[in-house]
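Student: Before I ask anything, let me first share the structure, which is written out below as C-alpha coordinates.
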Amino acid sequence: ASAVMPYYTISYNQTSENVGNSYNRELITDRLRGDAGYDGVVCTDWVITADPVDPGVHLSKPWGVETLTVAQRHYKALMAGVDQFGGNNEKGPVLEAYRIGCEEHGEEWMRARMERSAVRLLLNSFRPGLFENPYVDVDESMRLVGNREWMEEGYRQQLASVVMLKNAGNLLPMRRRGRVYVPHRTVPPMRNYWGGTDPAADYEPVAENVLSRYFDPAQSPEDADFAISFMESPKSWRMGYDPADKESGGNGYIPITLQYRPYTAVNAREHSIARDPWDGNTDRTYRGKTVRAMNECELDSLVELRRRMGSKPVIVVIAMSNPTVMSEVEPLADAILIGFSVQNQAFVDLIAGAAEPSGLLPFELPASMDAVEVHCEDRPHDIEPYRDSEGNVYAFAYGLNFNGVISDERTRRYAGR
(Lines give C-alpha, C1' and ligand atoms only; values in the text may rest on other atoms or scores of the structure.)
Protein backbone atom coordinates (compact mmCIF):
# COMPACT_ATOMS: atom_id res chain seq x y z
CA ALA A 1 0.00 0.00 0.00
CA SER A 2 1.19 3.53 -0.76
CA ALA A 3 -1.18 5.14 1.75
CA VAL A 4 -3.17 4.05 4.77
CA MET A 5 -5.85 5.82 6.81
CA PRO A 6 -6.34 5.25 10.55
CA TYR A 7 -10.02 5.34 11.43
CA TYR A 8 -11.73 7.89 13.69
CA THR A 9 -12.21 5.54 16.61
CA ILE A 10 -10.35 5.27 19.89
CA SER A 11 -8.87 1.80 20.35
CA TYR A 12 -10.18 1.87 23.87
CA ASN A 13 -7.72 0.72 26.55
CA GLN A 14 -5.53 -0.95 23.89
CA THR A 15 -2.63 1.48 24.30
CA SER A 16 -1.36 3.84 26.98
CA GLU A 17 -3.73 6.67 25.97
CA ASN A 18 -7.29 6.69 24.73
CA VAL A 19 -7.11 8.99 21.72
CA GLY A 20 -8.36 8.71 18.14
CA ASN A 21 -6.21 6.37 16.07
CA SER A 22 -4.64 9.18 14.02
CA TYR A 23 -3.32 10.70 17.25
CA ASN A 24 -1.96 7.45 18.64
CA ARG A 25 1.84 7.14 18.32
CA GLU A 26 1.88 3.56 19.57
CA LEU A 27 -0.43 2.46 16.75
CA ILE A 28 1.15 4.43 13.91
CA THR A 29 4.86 4.72 14.73
CA ASP A 30 5.46 1.74 17.00
CA ARG A 31 3.19 -0.89 15.47
CA LEU A 32 2.53 0.17 11.88
CA ARG A 33 5.89 1.70 11.03
CA GLY A 34 8.02 -0.21 13.53
CA ASP A 35 6.59 -3.73 13.87
CA ALA A 36 5.04 -3.90 10.36
CA GLY A 37 7.84 -1.98 8.61
CA TYR A 38 5.44 0.32 6.76
CA ASP A 39 6.99 3.53 5.39
CA GLY A 40 4.25 4.82 3.11
CA VAL A 41 1.87 7.72 3.61
CA VAL A 42 -0.41 7.85 6.64
CA CYS A 43 -3.39 10.13 5.96
CA THR A 44 -5.94 10.91 8.65
CA ASP A 45 -9.61 10.28 8.11
CA TRP A 46 -11.50 13.44 7.24
CA VAL A 47 -11.89 16.58 9.40
CA ILE A 48 -10.62 15.16 12.68
CA THR A 49 -8.85 18.34 13.84
CA ALA A 50 -11.62 20.97 14.08
CA ASP A 51 -14.10 21.72 16.86
CA PRO A 52 -17.65 20.59 16.00
CA VAL A 53 -20.59 22.95 16.29
CA ASP A 54 -23.13 20.13 16.59
CA PRO A 55 -22.01 16.56 17.44
CA GLY A 56 -24.80 15.31 15.18
CA VAL A 57 -23.24 16.86 12.05
CA HIS A 58 -20.23 15.28 10.37
CA LEU A 59 -17.84 18.22 10.72
CA SER A 60 -15.16 17.01 13.13
CA LYS A 61 -14.16 14.08 15.31
CA PRO A 62 -11.14 14.98 17.49
CA TRP A 63 -11.82 12.08 19.84
CA GLY A 64 -9.64 12.05 22.94
CA VAL A 65 -7.96 15.38 22.13
CA GLU A 66 -10.95 17.68 22.51
CA THR A 67 -9.18 19.94 25.01
CA LEU A 68 -6.22 20.64 22.68
CA THR A 69 -6.21 23.59 20.29
CA VAL A 70 -6.56 22.92 16.58
CA ALA A 71 -2.80 23.54 16.07
CA GLN A 72 -1.93 21.25 18.99
CA ARG A 73 -4.04 18.51 17.43
CA HIS A 74 -2.10 18.86 14.19
CA TYR A 75 1.15 18.66 16.12
CA LYS A 76 0.09 15.58 18.07
CA ALA A 77 -0.91 13.80 14.86
CA LEU A 78 2.44 14.68 13.26
CA MET A 79 4.26 13.31 16.31
CA ALA A 80 2.16 10.15 16.07
CA GLY A 81 3.48 9.60 12.52
CA VAL A 82 0.80 11.16 10.30
CA ASP A 83 1.92 12.62 6.95
CA GLN A 84 -1.28 14.14 5.59
CA PHE A 85 -4.48 15.62 7.00
CA GLY A 86 -7.62 14.44 5.25
CA GLY A 87 -10.23 17.11 4.62
CA ASN A 88 -7.97 19.94 5.82
CA ASN A 89 -7.29 22.74 3.36
CA GLU A 90 -5.84 25.27 5.82
CA LYS A 91 -2.08 25.65 6.11
CA GLY A 92 -2.19 27.84 9.25
CA PRO A 93 -2.58 25.04 11.84
CA VAL A 94 0.16 23.01 10.11
CA LEU A 95 2.59 25.95 10.23
CA GLU A 96 1.71 26.51 13.88
CA ALA A 97 2.33 22.82 14.58
CA TYR A 98 5.74 23.23 12.94
CA ARG A 99 6.53 26.13 15.29
CA ILE A 100 5.46 24.06 18.29
CA GLY A 101 7.82 21.30 17.15
CA CYS A 102 10.68 23.74 16.70
CA GLU A 103 10.23 24.98 20.26
CA GLU A 104 10.13 21.45 21.62
CA HIS A 105 12.77 19.69 19.51
CA GLY A 106 14.67 22.41 17.67
CA GLU A 107 14.24 23.54 14.08
CA GLU A 108 16.69 21.04 12.58
CA TRP A 109 14.86 18.08 14.11
CA MET A 110 11.40 19.39 13.20
CA ARG A 111 12.43 20.21 9.63
CA ALA A 112 13.71 16.66 9.23
CA ARG A 113 10.40 15.35 10.57
CA MET A 114 8.41 17.38 8.01
CA GLU A 115 10.74 16.33 5.19
CA ARG A 116 10.18 12.64 5.96
CA SER A 117 6.47 13.19 5.30
CA ALA A 118 7.24 15.25 2.19
CA VAL A 119 9.33 12.41 0.75
CA ARG A 120 6.55 9.88 1.36
CA LEU A 121 3.98 12.12 -0.30
CA LEU A 122 6.17 12.98 -3.28
CA LEU A 123 7.07 9.34 -3.91
CA ASN A 124 3.39 8.63 -4.59
CA SER A 125 3.62 11.11 -7.48
CA PHE A 126 7.09 10.16 -8.67
CA ARG A 127 6.46 6.42 -8.87
CA PRO A 128 3.70 6.60 -11.53
CA GLY A 129 5.72 9.21 -13.46
CA LEU A 130 3.49 12.21 -12.80
CA PHE A 131 6.45 14.58 -12.65
CA GLU A 132 8.15 13.32 -15.79
CA ASN A 133 4.93 13.44 -17.83
CA PRO A 134 1.94 14.99 -16.05
CA TYR A 135 -0.19 15.26 -19.20
CA VAL A 136 -3.15 13.10 -20.09
CA ASP A 137 -2.89 10.92 -23.19
CA VAL A 138 -6.29 11.65 -24.72
CA ASP A 139 -6.28 8.66 -27.06
CA GLU A 140 -5.32 6.28 -24.26
CA SER A 141 -7.98 7.80 -22.00
CA MET A 142 -10.62 7.29 -24.68
CA ARG A 143 -9.56 3.66 -24.96
CA LEU A 144 -9.60 2.98 -21.23
CA VAL A 145 -12.37 5.08 -19.69
CA GLY A 146 -15.74 3.35 -19.95
CA ASN A 147 -14.48 0.59 -22.21
CA ARG A 148 -16.89 -2.30 -22.65
CA GLU A 149 -14.63 -4.99 -21.21
CA TRP A 150 -14.08 -3.16 -17.93
CA MET A 151 -17.73 -2.14 -17.62
CA GLU A 152 -18.78 -5.75 -18.08
CA GLU A 153 -16.29 -6.86 -15.45
CA GLY A 154 -17.60 -4.18 -13.08
CA TYR A 155 -21.14 -5.41 -13.60
CA ARG A 156 -20.07 -9.01 -12.96
CA GLN A 157 -18.60 -7.85 -9.66
CA GLN A 158 -21.89 -6.18 -8.78
CA LEU A 159 -23.71 -9.45 -9.43
CA ALA A 160 -21.17 -11.36 -7.34
CA SER A 161 -21.54 -8.98 -4.40
CA VAL A 162 -25.29 -9.47 -3.94
CA VAL A 163 -26.23 -11.70 -1.00
CA MET A 164 -29.33 -13.88 -1.10
CA LEU A 165 -30.58 -14.27 2.47
CA LYS A 166 -33.80 -16.19 1.93
CA ASN A 167 -35.27 -18.39 -0.79
CA ALA A 168 -38.26 -20.18 0.70
CA GLY A 169 -39.38 -23.19 -1.28
CA ASN A 170 -36.62 -22.57 -3.82
CA LEU A 171 -38.70 -19.74 -5.26
CA LEU A 172 -35.75 -18.28 -7.15
CA PRO A 173 -34.85 -18.25 -9.95
CA MET A 174 -38.10 -17.08 -11.55
CA ARG A 175 -37.42 -18.54 -14.97
CA ARG A 176 -41.06 -18.54 -16.11
CA ARG A 177 -42.17 -15.32 -17.81
CA GLY A 178 -44.76 -14.31 -15.23
CA ARG A 179 -46.43 -11.02 -14.39
CA VAL A 180 -44.51 -8.96 -11.85
CA TYR A 181 -45.68 -6.03 -9.77
CA VAL A 182 -42.99 -3.57 -8.61
CA PRO A 183 -44.37 -0.82 -6.34
CA HIS A 184 -43.35 2.79 -6.81
CA ARG A 185 -40.77 3.90 -4.29
CA THR A 186 -41.96 6.87 -2.25
CA VAL A 187 -39.26 8.28 0.00
CA PRO A 188 -39.90 11.17 2.42
CA PRO A 189 -37.50 14.08 2.91
CA MET A 190 -34.57 12.75 4.93
CA ARG A 191 -31.68 14.30 6.74
CA ASN A 192 -28.44 13.22 5.07
CA TYR A 193 -24.97 12.35 6.34
CA TRP A 194 -23.73 15.95 6.12
CA GLY A 195 -26.65 17.52 7.99
CA GLY A 196 -28.62 18.73 4.97
CA THR A 197 -32.01 17.46 3.81
CA ASP A 198 -32.54 15.28 0.77
CA PRO A 199 -35.88 16.04 -0.91
CA ALA A 200 -38.77 13.59 -1.10
CA ALA A 201 -38.73 11.28 -4.10
CA ASP A 202 -41.31 9.18 -5.93
CA TYR A 203 -39.98 6.98 -8.71
CA GLU A 204 -39.95 3.60 -10.40
CA PRO A 205 -37.09 1.54 -8.94
CA VAL A 206 -36.55 -0.43 -12.17
CA ALA A 207 -37.02 0.73 -15.73
CA GLU A 208 -39.76 -1.13 -17.57
CA ASN A 209 -37.39 -2.14 -20.38
CA VAL A 210 -35.21 -3.93 -17.80
CA LEU A 211 -38.14 -5.80 -16.26
CA SER A 212 -39.64 -6.69 -19.63
CA ARG A 213 -36.54 -8.68 -20.64
CA TYR A 214 -37.78 -11.42 -18.34
CA PHE A 215 -41.27 -10.59 -17.08
CA ASP A 216 -44.51 -8.83 -17.98
CA PRO A 217 -45.04 -5.78 -15.75
CA ALA A 218 -48.34 -5.84 -13.82
CA GLN A 219 -50.23 -2.70 -12.81
CA SER A 220 -51.42 -3.96 -9.43
CA PRO A 221 -50.75 -6.74 -6.91
CA GLU A 222 -54.06 -8.33 -7.80
CA ASP A 223 -52.96 -8.72 -11.46
CA ALA A 224 -49.48 -10.03 -10.62
CA ASP A 225 -48.06 -13.52 -10.24
CA PHE A 226 -45.38 -12.20 -7.89
CA ALA A 227 -44.01 -8.88 -6.61
CA ILE A 228 -40.59 -7.33 -6.04
CA SER A 229 -40.31 -4.71 -3.30
CA PHE A 230 -37.25 -2.46 -3.40
CA MET A 231 -36.28 -0.90 -0.06
CA GLU A 232 -33.41 0.82 1.68
CA SER A 233 -32.14 -0.20 5.10
CA PRO A 234 -33.39 1.91 8.03
CA LYS A 235 -32.13 5.50 8.08
CA SER A 236 -31.51 6.61 11.65
CA TRP A 237 -32.52 10.10 12.72
CA ARG A 238 -29.65 12.59 13.21
CA MET A 239 -26.79 10.09 13.63
CA GLY A 240 -27.19 9.79 17.39
CA TYR A 241 -27.46 13.44 18.46
CA ASP A 242 -30.51 15.71 18.55
CA PRO A 243 -30.31 19.34 19.74
CA ALA A 244 -34.02 19.12 20.63
CA ASP A 245 -33.17 16.56 23.30
CA LYS A 246 -30.55 18.95 24.68
CA GLU A 247 -33.01 21.85 24.67
CA SER A 248 -35.53 19.79 26.63
CA GLY A 249 -33.03 19.04 29.39
CA GLY A 250 -31.34 15.89 28.09
CA ASN A 251 -27.72 15.40 27.13
CA GLY A 252 -28.49 15.54 23.40
CA TYR A 253 -27.54 11.93 22.67
CA ILE A 254 -30.17 9.59 21.22
CA PRO A 255 -30.10 5.98 19.99
CA ILE A 256 -29.09 4.99 16.48
CA THR A 257 -31.60 2.46 15.22
CA LEU A 258 -31.19 -0.42 12.78
CA GLN A 259 -34.92 -1.18 12.63
CA TYR A 260 -37.84 0.60 10.96
CA ARG A 261 -40.30 0.74 13.84
CA PRO A 262 -39.78 3.02 16.87
CA TYR A 263 -36.98 1.79 19.12
CA THR A 264 -36.56 2.44 22.84
CA ALA A 265 -33.06 1.80 24.16
CA VAL A 266 -34.04 -0.12 27.29
CA ASN A 267 -30.84 -2.17 27.41
CA ALA A 268 -28.32 0.50 26.44
CA ARG A 269 -25.43 1.22 28.81
CA GLU A 270 -26.56 3.06 31.91
CA HIS A 271 -23.39 5.14 31.65
CA SER A 272 -21.38 5.73 28.47
CA ILE A 273 -17.66 5.24 28.08
CA ALA A 274 -17.28 8.60 26.35
CA ARG A 275 -17.92 12.08 27.68
CA ASP A 276 -18.62 15.35 25.89
CA PRO A 277 -16.13 18.07 26.90
CA TRP A 278 -17.74 20.81 24.81
CA ASP A 279 -20.92 21.20 26.81
CA GLY A 280 -19.88 19.61 30.09
CA ASN A 281 -21.60 16.25 29.69
CA THR A 282 -19.87 13.55 31.65
CA ASP A 283 -22.18 10.90 30.20
CA ARG A 284 -23.43 10.32 26.65
CA THR A 285 -25.87 7.59 27.59
CA TYR A 286 -29.14 7.42 25.64
CA ARG A 287 -30.72 4.72 27.78
CA GLY A 288 -34.51 4.86 27.84
CA LYS A 289 -34.83 7.20 24.87
CA THR A 290 -36.93 6.42 21.79
CA VAL A 291 -36.21 7.04 18.11
CA ARG A 292 -37.71 5.93 14.82
CA ALA A 293 -36.25 5.46 11.36
CA MET A 294 -36.76 8.32 8.93
CA ASN A 295 -37.93 5.83 6.30
CA GLU A 296 -40.31 3.78 8.45
CA CYS A 297 -42.85 4.22 5.65
CA GLU A 298 -40.92 1.65 3.59
CA LEU A 299 -41.93 -1.07 6.03
CA ASP A 300 -45.52 0.20 5.92
CA SER A 301 -45.44 -0.22 2.14
CA LEU A 302 -44.11 -3.76 2.43
CA VAL A 303 -46.79 -4.70 4.96
CA GLU A 304 -49.47 -3.40 2.59
CA LEU A 305 -47.91 -5.21 -0.37
CA ARG A 306 -47.85 -8.47 1.56
CA ARG A 307 -51.52 -8.03 2.44
CA ARG A 308 -52.56 -7.36 -1.14
CA MET A 309 -50.46 -10.18 -2.59
CA GLY A 310 -51.98 -12.73 -0.22
CA SER A 311 -50.23 -16.05 -0.71
CA LYS A 312 -48.50 -15.00 -3.92
CA PRO A 313 -44.69 -14.61 -3.70
CA VAL A 314 -43.10 -11.38 -2.49
CA ILE A 315 -39.40 -10.85 -3.18
CA VAL A 316 -37.69 -8.15 -1.10
CA VAL A 317 -34.60 -6.31 -2.30
CA ILE A 318 -32.77 -4.17 0.27
CA ALA A 319 -30.11 -1.61 -0.58
CA MET A 320 -28.21 -1.98 2.67
CA SER A 321 -25.96 0.72 4.09
CA ASN A 322 -25.99 -0.61 7.68
CA PRO A 323 -26.60 -4.01 9.25
CA THR A 324 -30.37 -4.30 9.58
CA VAL A 325 -32.62 -5.99 12.15
CA MET A 326 -34.44 -8.40 9.83
CA SER A 327 -37.22 -9.52 12.19
CA GLU A 328 -39.55 -6.86 10.76
CA VAL A 329 -38.90 -7.72 7.11
CA GLU A 330 -38.08 -11.41 6.83
CA PRO A 331 -41.49 -12.83 7.85
CA LEU A 332 -43.11 -10.76 5.08
CA ALA A 333 -40.82 -12.06 2.32
CA ASP A 334 -40.57 -15.30 0.40
CA ALA A 335 -37.11 -14.37 -0.90
CA ILE A 336 -34.65 -11.65 0.13
CA LEU A 337 -31.69 -10.20 -1.74
CA ILE A 338 -29.44 -7.48 -0.31
CA GLY A 339 -26.83 -5.36 -2.05
CA PHE A 340 -24.35 -2.62 -1.33
CA SER A 341 -24.43 0.23 -3.88
CA VAL A 342 -25.60 -2.15 -6.60
CA GLN A 343 -27.71 -1.05 -9.55
CA ASN A 344 -31.20 -2.55 -9.52
CA GLN A 345 -30.73 -4.24 -12.89
CA ALA A 346 -28.37 -6.66 -11.14
CA PHE A 347 -31.13 -7.77 -8.77
CA VAL A 348 -33.50 -8.36 -11.69
CA ASP A 349 -30.90 -10.47 -13.50
CA LEU A 350 -30.40 -12.59 -10.37
CA ILE A 351 -34.13 -12.99 -9.72
CA ALA A 352 -34.61 -14.17 -13.31
CA GLY A 353 -31.70 -16.61 -13.12
CA ALA A 354 -29.51 -14.87 -15.69
CA ALA A 355 -26.84 -15.07 -12.98
CA GLU A 356 -26.64 -16.94 -9.68
CA PRO A 357 -26.19 -15.23 -6.29
CA SER A 358 -22.78 -15.87 -4.76
CA GLY A 359 -22.22 -13.09 -2.23
CA LEU A 360 -21.58 -13.67 1.47
CA LEU A 361 -22.55 -11.41 4.36
CA PRO A 362 -19.66 -9.09 5.32
CA PHE A 363 -21.14 -8.70 8.82
CA GLU A 364 -23.78 -10.20 11.10
CA LEU A 365 -27.38 -9.08 10.76
CA PRO A 366 -28.44 -8.67 14.40
CA ALA A 367 -31.25 -10.64 15.99
CA SER A 368 -32.61 -7.48 17.62
CA MET A 369 -31.64 -4.03 18.78
CA ASP A 370 -31.12 -5.51 22.24
CA ALA A 371 -28.47 -7.76 20.66
CA VAL A 372 -26.87 -4.63 19.22
CA GLU A 373 -26.80 -2.87 22.60
CA VAL A 374 -25.26 -5.71 24.61
CA HIS A 375 -22.43 -6.66 22.26
CA CYS A 376 -18.92 -5.19 22.50
CA GLU A 377 -18.56 -2.64 19.71
CA ASP A 378 -14.86 -3.26 19.14
CA ARG A 379 -15.06 -7.08 19.16
CA PRO A 380 -15.70 -8.75 15.79
CA HIS A 381 -18.44 -11.38 15.43
CA ASP A 382 -19.67 -10.66 18.95
CA ILE A 383 -23.33 -10.05 18.10
CA GLU A 384 -26.23 -12.52 18.18
CA PRO A 385 -27.33 -12.94 14.53
CA TYR A 386 -30.88 -13.28 13.30
CA ARG A 387 -32.35 -16.74 12.60
CA ASP A 388 -35.04 -16.78 9.91
CA SER A 389 -38.15 -18.91 9.36
CA GLU A 390 -36.11 -21.32 7.20
CA GLY A 391 -33.68 -21.96 10.08
CA ASN A 392 -30.82 -20.05 8.47
CA VAL A 393 -28.65 -17.80 10.63
CA TYR A 394 -27.64 -14.43 9.16
CA ALA A 395 -24.07 -14.62 10.44
CA PHE A 396 -20.78 -13.42 8.95
CA ALA A 397 -20.01 -15.17 5.63
CA TYR A 398 -23.55 -16.58 5.25
CA GLY A 399 -25.24 -16.54 1.87
CA LEU A 400 -27.42 -18.65 -0.40
CA ASN A 401 -27.19 -19.70 -4.02
CA PHE A 402 -29.91 -21.51 -5.93
CA ASN A 403 -28.86 -24.84 -4.37
CA GLY A 404 -28.96 -23.67 -0.76
CA VAL A 405 -26.46 -22.39 1.80
CA ILE A 406 -23.13 -21.63 0.15
CA SER A 407 -20.26 -23.85 1.25
CA ASP A 408 -17.00 -23.24 -0.56
CA GLU A 409 -13.38 -22.26 -0.05
CA ARG A 410 -14.46 -18.83 1.21
CA THR A 411 -16.82 -20.14 3.88
CA ARG A 412 -14.24 -22.70 5.02
CA ARG A 413 -11.68 -19.94 5.28
CA TYR A 414 -13.99 -17.68 7.29
CA ALA A 415 -15.56 -20.40 9.48
CA GLY A 416 -15.40 -19.45 13.13
CA ARG A 417 -14.17 -15.92 12.50
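Each chain in the C-alpha coordinates gets a letter, A, B, ..., in the order shown, and its residues are numbered from 1; ligands are numbered from 1 in order too.
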Quick one: residues within 10 Å of Phe85 in chain A, only C-alpha atoms, excluding same-chain residues fewer than 5 positions away - as JSON, numbers by chain?
Tutor: {"A": [5, 22, 42, 43, 44, 45, 46, 47, 48, 49, 74, 77, 78, 90, 94]}
Student: Write the residues of the selection above to a file with N, CA and C atoms, as a PDB file, in the first residue's frame.
Tutor:
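Result written to out21.pdb:
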```pdb
ATOM      1  N   MET A   5      -5.045   4.841   6.084  1.00  0.00           N
ATOM      2  CA  MET A   5      -5.852   5.820   6.813  1.00  0.00           C
ATOM      3  C   MET A   5      -6.325   5.216   8.139  1.00  0.00           C
ATOM      4  N   SER A  22      -5.601   8.330  14.719  1.00  0.00           N
ATOM      5  CA  SER A  22      -4.636   9.182  14.017  1.00  0.00           C
ATOM      6  C   SER A  22      -3.762   9.982  14.975  1.00  0.00           C
ATOM      7  N   VAL A  42       0.709   7.998   5.710  1.00  0.00           N
ATOM      8  CA  VAL A  42      -0.409   7.853   6.642  1.00  0.00           C
ATOM      9  C   VAL A  42      -1.236   9.127   6.550  1.00  0.00           C
ATOM     10  N   CYS A  43      -2.474   8.994   6.097  1.00  0.00           N
ATOM     11  CA  CYS A  43      -3.389  10.131   5.957  1.00  0.00           C
ATOM     12  C   CYS A  43      -4.529   9.961   6.952  1.00  0.00           C
ATOM     13  N   THR A  44      -4.849  11.020   7.696  1.00  0.00           N
ATOM     14  CA  THR A  44      -5.942  10.909   8.651  1.00  0.00           C
ATOM     15  C   THR A  44      -7.267  10.743   7.923  1.00  0.00           C
ATOM     16  N   ASP A  45      -8.246  10.205   8.621  1.00  0.00           N
ATOM     17  CA  ASP A  45      -9.606  10.284   8.107  1.00  0.00           C
ATOM     18  C   ASP A  45     -10.037  11.744   8.146  1.00  0.00           C
ATOM     19  N   TRP A  46     -11.166  12.038   7.543  1.00  0.00           N
ATOM     20  CA  TRP A  46     -11.502  13.435   7.238  1.00  0.00           C
ATOM     21  C   TRP A  46     -11.927  14.241   8.465  1.00  0.00           C
ATOM     22  N   VAL A  47     -11.512  15.511   8.446  1.00  0.00           N
ATOM     23  CA  VAL A  47     -11.892  16.578   9.398  1.00  0.00           C
ATOM     24  C   VAL A  47     -11.861  16.133  10.856  1.00  0.00           C
ATOM     25  N   ILE A  48     -10.725  15.594  11.280  1.00  0.00           N
ATOM     26  CA  ILE A  48     -10.622  15.156  12.676  1.00  0.00           C
ATOM     27  C   ILE A  48     -10.047  16.239  13.582  1.00  0.00           C
ATOM     28  N   THR A  49      -9.604  17.384  13.033  1.00  0.00           N
ATOM     29  CA  THR A  49      -8.848  18.339  13.842  1.00  0.00           C
ATOM     30  C   THR A  49      -9.655  19.557  14.292  1.00  0.00           C
ATOM     31  N   HIS A  74      -2.954  19.121  15.346  1.00  0.00           N
ATOM     32  CA  HIS A  74      -2.100  18.857  14.189  1.00  0.00           C
ATOM     33  C   HIS A  74      -0.718  18.388  14.646  1.00  0.00           C
ATOM     34  N   ALA A  77      -0.801  14.768  15.950  1.00  0.00           N
ATOM     35  CA  ALA A  77      -0.913  13.799  14.855  1.00  0.00           C
ATOM     36  C   ALA A  77       0.418  13.636  14.127  1.00  0.00           C
ATOM     37  N   LEU A  78       1.125  14.757  13.895  1.00  0.00           N
ATOM     38  CA  LEU A  78       2.442  14.679  13.260  1.00  0.00           C
ATOM     39  C   LEU A  78       3.403  13.862  14.110  1.00  0.00           C
ATOM     40  N   GLU A  90      -6.411  24.076   5.209  1.00  0.00           N
ATOM     41  CA  GLU A  90      -5.839  25.266   5.822  1.00  0.00           C
ATOM     42  C   GLU A  90      -4.396  24.987   6.243  1.00  0.00           C
ATOM     43  N   VAL A  94      -1.021  23.820  10.373  1.00  0.00           N
ATOM     44  CA  VAL A  94       0.165  23.007  10.105  1.00  0.00           C
ATOM     45  C   VAL A  94       1.431  23.823  10.387  1.00  0.00           C
TER      46      VAL A  94
END
```
Student: DSSP says alpha helix (DSSP H) for which residues of range 79-283 of chain A? Put them as a ChimeraX atom specification?
Tutor: /A:79-80,92-105,107-126,138-144,148-161,208-211,243-247
Student: Could you tell me which of A:Asn124, A:Gln219, A:Ser389, A:Asn281 comes closest to Glu330 in chain A if we count only C-alpha atoms?
Tutor: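 Among A:Asn124, A:Gln219, A:Ser389, A:Asn281, it is A:Ser389 that comes nearest to Glu330 in chain A.
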Student: To one decimal in Å, tell me the separation between CA of Pro205 in chain A and CA of His58 in chain A.
Tutor: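 CA of His58 in chain A lies 29.1 Å from CA of Pro205 in chain A.
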Student: Near range 286-291 of chain A, counting only C-alpha atoms, which residues have an atom at most 9 Å away, once you skip same-chain residues fewer than 3 positions from it, shown as a ChimeraX atom specification?
Tutor: /A:236-237,240,251-257,261-272
Student: Find the residues around Ile315 in chain A up to 10 Å (only C-alpha atoms counted), leave out those fewer than 4 positions away in its own chain, and share them as number ranges by chain.
Tutor: A: 166-167, 171-172, 182, 226-230, 306, 332-337, 351
Student: Those residues you just picked out, can you put them in a file as a short mmCIF file (atom, residue, chain, number, x, y, z; two decimals), in the first residue's frame with N, CA and C atoms?
Tutor:
```cif
data_model
loop_
_atom_site.label_atom_id
_atom_site.label_comp_id
_atom_site.auth_asym_id
_atom_site.auth_seq_id
_atom_site.Cartn_x
_atom_site.Cartn_y
_atom_site.Cartn_z
N LYS A 166 -32.67 -15.27 1.78
CA LYS A 166 -33.80 -16.19 1.93
C LYS A 166 -34.29 -16.61 0.56
N ASN A 167 -34.70 -17.87 0.46
CA ASN A 167 -35.27 -18.39 -0.79
C ASN A 167 -36.22 -19.53 -0.46
N LEU A 171 -37.93 -20.63 -4.38
CA LEU A 171 -38.70 -19.74 -5.26
C LEU A 171 -37.86 -19.23 -6.42
N LEU A 172 -36.64 -18.82 -6.12
CA LEU A 172 -35.75 -18.28 -7.15
C LEU A 172 -34.86 -19.38 -7.70
N VAL A 182 -44.05 -4.26 -9.33
CA VAL A 182 -42.99 -3.57 -8.61
C VAL A 182 -43.55 -2.23 -8.13
N PHE A 226 -46.27 -12.42 -9.02
CA PHE A 226 -45.38 -12.20 -7.89
C PHE A 226 -45.01 -10.71 -7.86
N ALA A 227 -44.37 -10.29 -6.77
CA ALA A 227 -44.01 -8.88 -6.61
C ALA A 227 -42.55 -8.78 -6.15
N ILE A 228 -41.93 -7.66 -6.52
CA ILE A 228 -40.59 -7.33 -6.04
C ILE A 228 -40.68 -5.97 -5.34
N SER A 229 -40.31 -5.95 -4.08
CA SER A 229 -40.31 -4.71 -3.30
C SER A 229 -38.89 -4.24 -3.09
N PHE A 230 -38.57 -3.06 -3.59
CA PHE A 230 -37.25 -2.46 -3.40
C PHE A 230 -37.29 -1.52 -2.20
N ARG A 306 -47.64 -7.09 1.12
CA ARG A 306 -47.85 -8.47 1.56
C ARG A 306 -49.34 -8.77 1.70
N LEU A 332 -42.23 -11.25 6.15
CA LEU A 332 -43.11 -10.76 5.08
C LEU A 332 -42.62 -11.15 3.69
N ALA A 333 -41.46 -11.79 3.61
CA ALA A 333 -40.82 -12.06 2.32
C ALA A 333 -40.68 -13.55 2.07
N ASP A 334 -40.85 -13.92 0.80
CA ASP A 334 -40.57 -15.30 0.40
C ASP A 334 -39.11 -15.45 -0.02
N ALA A 335 -38.52 -14.37 -0.53
CA ALA A 335 -37.11 -14.37 -0.90
C ALA A 335 -36.56 -12.97 -0.59
N ILE A 336 -35.28 -12.92 -0.21
CA ILE A 336 -34.65 -11.65 0.13
C ILE A 336 -33.28 -11.59 -0.51
N LEU A 337 -33.00 -10.50 -1.20
CA LEU A 337 -31.69 -10.20 -1.74
C LEU A 337 -31.24 -8.87 -1.15
N ILE A 351 -32.79 -12.45 -9.95
CA ILE A 351 -34.13 -12.99 -9.72
C ILE A 351 -34.57 -13.86 -10.90
#
```
